[in-house]
Amino acid sequence: MTGDLTIGTLLESENAAPARLIASKMNRHTFWCGQSGSGKTYALGVALEQILLHTKLPLVILDPNSDFVRLGDIRDDAPAAEAAELATRDIRVRRSTVDAEHPLLVRYMSMPLRSRAAILQVDPLLDADDYNTMMHMETDLQLLPDHDLVGFMRSHPDRVRHQLAMRLENLGVADWKLWAWGERTVTDDIDDGTDATVVDLGGFATPSESRAAALAVLDHLWENREQRVGRLIVIDEAHNLCTPEPVTPVEKLLTERIVQIAAEGRKYGLWLLLSTQRPSKVHPNALSQCDNLALMRMSSPRDLADLSQVFGYAPEWLLERSPAFTQGQALFAGGFVDQPSLVQMGARLTHEGGSDVKVPLR
């Protein structure tokens, strides 16, 4: 990676001096935080555009609110040189909406056994027979015809396979639009070495399907970590995938995987950018591993106290200014800036995927 990333201007500087992030220090985990209405998602888009323009760092963006699905859609008012350069980037968007041109698909049988079992809510101990059967049916499932997983399992005389088929039906998993069944998947795009892969999680019918999609992507990245391909994993609204108190089996595995990447991923080139509204909504074992901080408006004294405790490199007197930030203003601290800085974020080059709903006027 070369060059710095110009993200806006330094507040209170003479002549609106440019504010820059150090590109080479994006090989650290980053926490991006700001309350609703602070401009957090817009500002994150500014930074991601600069990463695409000035580095070869591949992005994988887990996008629960479909905010980044237009990352490759360049604005008419974008500077010509930057627009032309950005247009050369390979940005692929996998949509979860019905009848999407490029649907978000994953292979169920390519997921680790623990993840497949979690989707079916099969516990290794409480459901020992079911789990053990799943362990020993790997070879048979290579013969699976097309889409009919339930029928295939019911065609076998084993009673436990029939129970698993019932789980698939009762939970609705067999009918999820997520499964590829031989078609191209989002992990195929990632393996192609795309500049950015946007994983749109916002259009699925249930949260379970959305979280299963995220788990499949993170599992794939972790299982291929030995390739040591530097990659920035952006998790927007990270509290949806890395909660301090996960409940369902898939939520627990998701949180475990993200914490694992936070603790061990740096040496493999897996770097997290966790974006959320409040630090208390993200698992502390992931939060504590972040060496970079971007903080936008935050009014809660408790949240500011938490940030001060976790991110000792951010001066408390600057953190205390956060409640007075206007939209688009932010504090940057940590390794990716020369010194803690207050910044007015610059303009986007691409369109936002989502926006606030306006109050209708008469």
# chains A, B, ... in the order shown; residues from 1 in each chain; ligands from 1
call {"tool": "closest_atom_pairs", "arguments": {"of": "range 25-99 of chain A", "to": "range 170-186 of chain A", "cutoff": "12 Å", "atoms": "only C-alpha atoms", "output": "Markdown table"}}
result
| residue | atom | partner | partner_atom | distance |
| --- | --- | --- | --- | --- |
| A:Val60 | CA | A:Val186 | CA | 10.2 |
| A:Ile61 | CA | A:Val186 | CA | 11.4 |
| A:Leu62 | CA | A:Val186 | CA | 11.4 |
| A:Arg92 | CA | A:Val186 | CA | 9.1 |
| A:Val93 | CA | A:Val186 | CA | 8.8 |
| A:Arg94 | CA | A:Val186 | CA | 6.6 |
| A:Arg95 | CA | A:Val186 | CA | 9.7 |
| A:Ser96 | CA | A:Leu178 | CA | 7.9 |
| A:Thr97 | CA | A:Lys177 | CA | 9.4 |
| A:Val98 | CA | A:Lys177 | CA | 8.4 |
| A:Asp99 | CA | A:Lys177 | CA | 10.0 |
call {"tool": "write_last_selection", "arguments": {"atoms": "N, CA, C and O atoms", "output": "compact mmCIF listing (two decimals), in the first residue's frame"}}
result
# COMPACT_ATOMS: atom_id res chain seq x y z
N VAL A 60 -13.88 -6.49 2.10
CA VAL A 60 -15.08 -7.31 2.21
C VAL A 60 -16.00 -6.58 3.17
O VAL A 60 -15.65 -6.38 4.34
N ILE A 61 -17.16 -6.16 2.68
CA ILE A 61 -18.04 -5.29 3.46
C ILE A 61 -19.31 -6.05 3.79
O ILE A 61 -20.11 -6.39 2.91
N LEU A 62 -19.51 -6.34 5.07
CA LEU A 62 -20.75 -6.95 5.55
C LEU A 62 -21.72 -5.81 5.85
O LEU A 62 -21.50 -5.01 6.76
N ARG A 92 -17.79 -5.64 -6.61
CA ARG A 92 -18.92 -6.54 -6.85
C ARG A 92 -19.87 -6.49 -5.65
O ARG A 92 -19.44 -6.53 -4.50
N VAL A 93 -21.14 -6.42 -5.98
CA VAL A 93 -22.19 -6.31 -4.96
C VAL A 93 -23.09 -7.53 -5.07
O VAL A 93 -23.68 -7.79 -6.12
N ARG A 94 -23.17 -8.28 -3.99
CA ARG A 94 -24.06 -9.44 -3.92
C ARG A 94 -25.29 -9.06 -3.10
O ARG A 94 -25.19 -8.80 -1.89
N ARG A 95 -26.45 -9.02 -3.76
CA ARG A 95 -27.67 -8.53 -3.12
C ARG A 95 -28.49 -9.68 -2.53
O ARG A 95 -28.55 -10.78 -3.08
N SER A 96 -29.15 -9.39 -1.43
CA SER A 96 -30.01 -10.38 -0.77
C SER A 96 -31.47 -10.16 -1.11
O SER A 96 -32.34 -10.86 -0.58
N THR A 97 -31.77 -9.19 -1.96
CA THR A 97 -33.15 -8.90 -2.32
C THR A 97 -33.67 -9.93 -3.31
O THR A 97 -32.91 -10.59 -4.02
N VAL A 98 -34.99 -10.07 -3.35
CA VAL A 98 -35.63 -11.03 -4.26
C VAL A 98 -35.33 -10.63 -5.71
O VAL A 98 -35.38 -9.45 -6.06
N ASP A 99 -35.01 -11.61 -6.54
CA ASP A 99 -34.76 -11.40 -7.97
C ASP A 99 -33.57 -10.48 -8.24
O ASP A 99 -33.54 -9.76 -9.24
call {"tool": "select_by_dssp", "arguments": {"residues": "range 116-260 of chain A", "states": "strand (DSSP E)", "output": "list in words"}}
result
Ala196, Thr197, Val198, Val199, Asp200, Arg231, Leu232, Ile233, Val234 and Ile235 of chain A
call {"tool": "closest_residue", "arguments": {"among": "A:Cys242, A:Leu57, A:Ala330, A:Val198", "to": "Val229 in chain A", "atoms": "only C-alpha atoms"}}
result
A:Leu57
call {"tool": "select_by_dssp", "arguments": {"residues": "range 58-110 of chain A", "states": "helix (DSSP H, G or I)", "output": "compact mmCIF listing (two decimals) with N, CA, C and O atoms, in the first residue's frame"}}
result
# COMPACT_ATOMS: atom_id res chain seq x y z
N ALA A 80 -13.19 14.48 -11.94
CA ALA A 80 -13.03 13.62 -13.11
C ALA A 80 -11.91 12.59 -12.94
O ALA A 80 -12.08 11.41 -13.28
N ALA A 81 -10.77 13.03 -12.43
CA ALA A 81 -9.63 12.11 -12.32
C ALA A 81 -9.93 10.98 -11.33
O ALA A 81 -9.65 9.81 -11.61
N GLU A 82 -10.50 11.33 -10.18
CA GLU A 82 -10.83 10.31 -9.19
C GLU A 82 -11.95 9.40 -9.69
O GLU A 82 -11.92 8.19 -9.45
N ALA A 83 -12.92 9.99 -10.37
CA ALA A 83 -14.01 9.18 -10.92
C ALA A 83 -13.49 8.16 -11.93
O ALA A 83 -13.89 6.98 -11.92
N ALA A 84 -12.57 8.60 -12.79
CA ALA A 84 -12.02 7.70 -13.79
C ALA A 84 -11.21 6.57 -13.14
O ALA A 84 -11.29 5.41 -13.56
N GLU A 85 -10.44 6.92 -12.12
CA GLU A 85 -9.64 5.91 -11.43
C GLU A 85 -10.53 4.91 -10.69
O GLU A 85 -10.32 3.69 -10.76
N LEU A 86 -11.53 5.42 -9.99
CA LEU A 86 -12.42 4.55 -9.23
C LEU A 86 -13.22 3.63 -10.15
O LEU A 86 -13.53 2.49 -9.78
N TYR A 108 -24.01 -24.34 1.44
CA TYR A 108 -24.24 -24.91 2.77
C TYR A 108 -23.19 -25.96 3.11
O TYR A 108 -22.61 -25.96 4.20
N MET A 109 -22.89 -26.84 2.15
CA MET A 109 -21.97 -27.93 2.44
C MET A 109 -20.52 -27.48 2.51
O MET A 109 -19.65 -28.25 2.92
N SER A 110 -20.22 -26.24 2.11
CA SER A 110 -18.85 -25.72 2.24
C SER A 110 -18.61 -25.09 3.60
O SER A 110 -17.46 -24.78 3.94
call {"tool": "atom_distance", "arguments": {"atom1": "CA of Leu221 in chain A", "atom2": "CA of His136 in chain A"}}
result
25.1 Å
call {"tool": "atom_distance", "arguments": {"atom1": "CA of Thr187 in chain A", "atom2": "CA of Glu223 in chain A"}}
result
11.7 Å
call {"tool": "residues_around", "arguments": {"residues": "Arg167 in chain A", "least_positions_apart": "5", "cutoff": "10 Å", "atoms": "only C-alpha atoms", "output": "CSV table (one decimal) with N, CA and C atoms, in the first residue's frame"}}
result
chain,number,residue,atom,x,y,z
A,119,ILE,N,-26.9,-23.7,12.4
A,119,ILE,CA,-28.0,-23.2,11.6
A,119,ILE,C,-29.2,-24.1,11.9
A,120,LEU,N,-29.0,-25.4,12.1
A,120,LEU,CA,-30.1,-26.3,12.4
A,120,LEU,C,-30.4,-26.5,13.9
A,121,GLN,N,-29.7,-25.7,14.7
A,121,GLN,CA,-29.8,-25.7,16.1
A,121,GLN,C,-29.6,-27.1,16.7
A,122,VAL,N,-28.6,-27.7,16.2
A,122,VAL,CA,-28.2,-29.0,16.6
A,122,VAL,C,-27.0,-28.9,17.6
A,150,VAL,N,-33.9,-32.0,1.6
A,150,VAL,CA,-34.8,-32.7,2.5
A,150,VAL,C,-35.2,-34.1,1.9
A,161,ARG,N,-31.5,-39.3,10.2
A,161,ARG,CA,-31.6,-38.4,9.0
A,161,ARG,C,-33.0,-37.8,8.7
A,162,HIS,N,-34.0,-38.6,9.0
A,162,HIS,CA,-35.3,-38.1,8.9
A,162,HIS,C,-35.6,-37.0,9.9
A,172,GLY,N,-37.5,-23.8,8.4
A,172,GLY,CA,-37.5,-23.1,7.1
A,172,GLY,C,-36.2,-23.0,6.4
A,173,VAL,N,-35.2,-23.7,6.9
A,173,VAL,CA,-33.8,-23.5,6.3
A,173,VAL,C,-33.7,-24.0,4.9
A,174,ALA,N,-34.5,-25.1,4.6
A,174,ALA,CA,-34.4,-25.7,3.3
A,174,ALA,C,-34.9,-24.7,2.2
call {"tool": "residues_around", "arguments": {"residues": "Ile261 in chain A", "least_positions_apart": "5", "cutoff": "10 Å", "atoms": "only C-alpha atoms", "output": "JSON, numbers by chain"}}
result
{"A": [29, 218, 221, 222, 225, 233, 255, 256, 266, 267, 268, 269, 270, 271, 272, 286, 289]}
call {"tool": "atom_distance", "arguments": {"atom1": "CA of Ser115 in chain A", "atom2": "CA of Leu215 in chain A"}}
result
7.6 Å
call {"tool": "residues_around", "arguments": {"residues": "range 21-23 of chain A", "least_positions_apart": "4", "cutoff": "12 Å", "atoms": "only C-alpha atoms", "output": "ChimeraX atom specification"}}
result
/A:1-10,27-28,30,46-48,50-57,232,292-294,331-341,343,345
call {"tool": "write_last_selection", "arguments": {"atoms": "C-alpha atoms", "output": "compact mmCIF listing (two decimals), in the first residue's frame"}}
result
# COMPACT_ATOMS: atom_id res chain seq x y z
CA MET A 1 0.00 0.00 0.00
CA THR A 2 1.22 3.45 -0.83
CA GLY A 3 0.18 7.00 -0.11
CA ASP A 4 -2.10 8.61 2.42
CA LEU A 5 -5.87 8.79 2.38
CA THR A 6 -7.35 12.29 2.27
CA ILE A 7 -10.67 12.09 4.09
CA GLY A 8 -11.51 15.76 4.69
CA THR A 9 -10.08 18.82 6.40
CA LEU A 10 -8.64 19.42 9.86
CA ASN A 27 -3.28 -3.18 8.90
CA ARG A 28 -4.71 -2.74 12.37
CA THR A 30 -10.35 -0.12 13.60
CA VAL A 46 -15.49 8.46 2.31
CA ALA A 47 -12.73 6.39 3.91
CA LEU A 48 -13.55 3.25 1.91
CA GLN A 50 -10.02 6.51 -0.49
CA ILE A 51 -8.81 3.01 0.33
CA LEU A 52 -10.05 1.83 -3.07
CA LEU A 53 -8.36 4.75 -4.82
CA HIS A 54 -4.97 4.69 -3.13
CA THR A 55 -4.31 1.12 -2.00
CA LYS A 56 -4.54 -2.43 -3.30
CA LEU A 57 -6.16 -3.55 -0.04
CA LEU A 232 -10.00 -5.31 5.37
CA ASN A 292 -7.51 2.82 15.45
CA LEU A 293 -10.49 4.94 16.52
CA ALA A 294 -12.88 7.09 14.50
CA LEU A 331 -12.13 12.52 16.11
CA PHE A 332 -9.44 10.24 14.69
CA ALA A 333 -6.86 8.68 16.99
CA GLY A 334 -4.50 5.74 17.02
CA GLY A 335 -1.96 4.36 14.62
CA PHE A 336 -3.59 5.54 11.39
CA VAL A 337 -3.06 9.25 12.16
CA ASP A 338 0.13 11.13 13.04
CA GLN A 339 -1.62 12.58 16.09
CA PRO A 340 -5.18 12.69 17.42
CA SER A 341 -7.11 14.98 15.08
CA VAL A 343 -11.79 16.31 11.19
CA MET A 345 -15.23 14.73 6.59
call {"tool": "residues_around", "arguments": {"residues": "Met298 in chain A", "least_positions_apart": "5", "cutoff": "6 Å", "atoms": "only C-alpha atoms", "output": "PDB file with C-alpha atoms, in the first residue's frame"}}
result
ATOM      1  CA  GLY A  34     -21.079   7.509  16.191  1.00  0.00           C
ATOM      2  CA  GLN A  35     -24.660   7.862  17.301  1.00  0.00           C
ATOM      3  CA  SER A 322     -17.703  14.667  20.830  1.00  0.00           C
ATOM      4  CA  PRO A 323     -21.212  15.683  22.052  1.00  0.00           C
TER       5      PRO A 323
END
call {"tool": "closest_residue", "arguments": {"among": "A:Gly193, A:Pro157, A:Pro124, A:Gly45", "to": "Arg89 in chain A", "atoms": "only C-alpha atoms"}}
result
A:Gly193
call {"tool": "residues_around", "arguments": {"residues": "Asp219 in chain A", "least_positions_apart": "6", "cutoff": "10 Å", "atoms": "only C-alpha atoms", "output": "list in words"}}
result
Ser110, Met111, Pro112, Ser115, Ala213, Arg225, Leu253, Leu254, Arg257 and Ile258 of chain A
call {"tool": "write_last_selection", "arguments": {"atoms": "C-alpha atoms", "output": "PDB file, in the first residue's frame"}}
result
ATOM      1  CA  SER A 110     -18.854 -25.720   2.240  1.00  0.00           C
ATOM      2  CA  MET A 111     -19.505 -24.316   5.700  1.00  0.00           C
ATOM      3  CA  PRO A 112     -17.770 -25.947   8.679  1.00  0.00           C
ATOM      4  CA  SER A 115     -21.750 -23.749  11.516  1.00  0.00           C
ATOM      5  CA  ALA A 213     -24.710 -15.489   5.248  1.00  0.00           C
ATOM      6  CA  ARG A 225      -6.176 -17.379   6.465  1.00  0.00           C
ATOM      7  CA  LEU A 253     -20.570 -18.670  16.484  1.00  0.00           C
ATOM      8  CA  LEU A 254     -20.574 -15.288  14.719  1.00  0.00           C
ATOM      9  CA  ARG A 257     -15.448 -15.934  14.918  1.00  0.00           C
ATOM     10  CA  ILE A 258     -15.210 -12.126  14.991  1.00  0.00           C
TER      11      ILE A 258
END
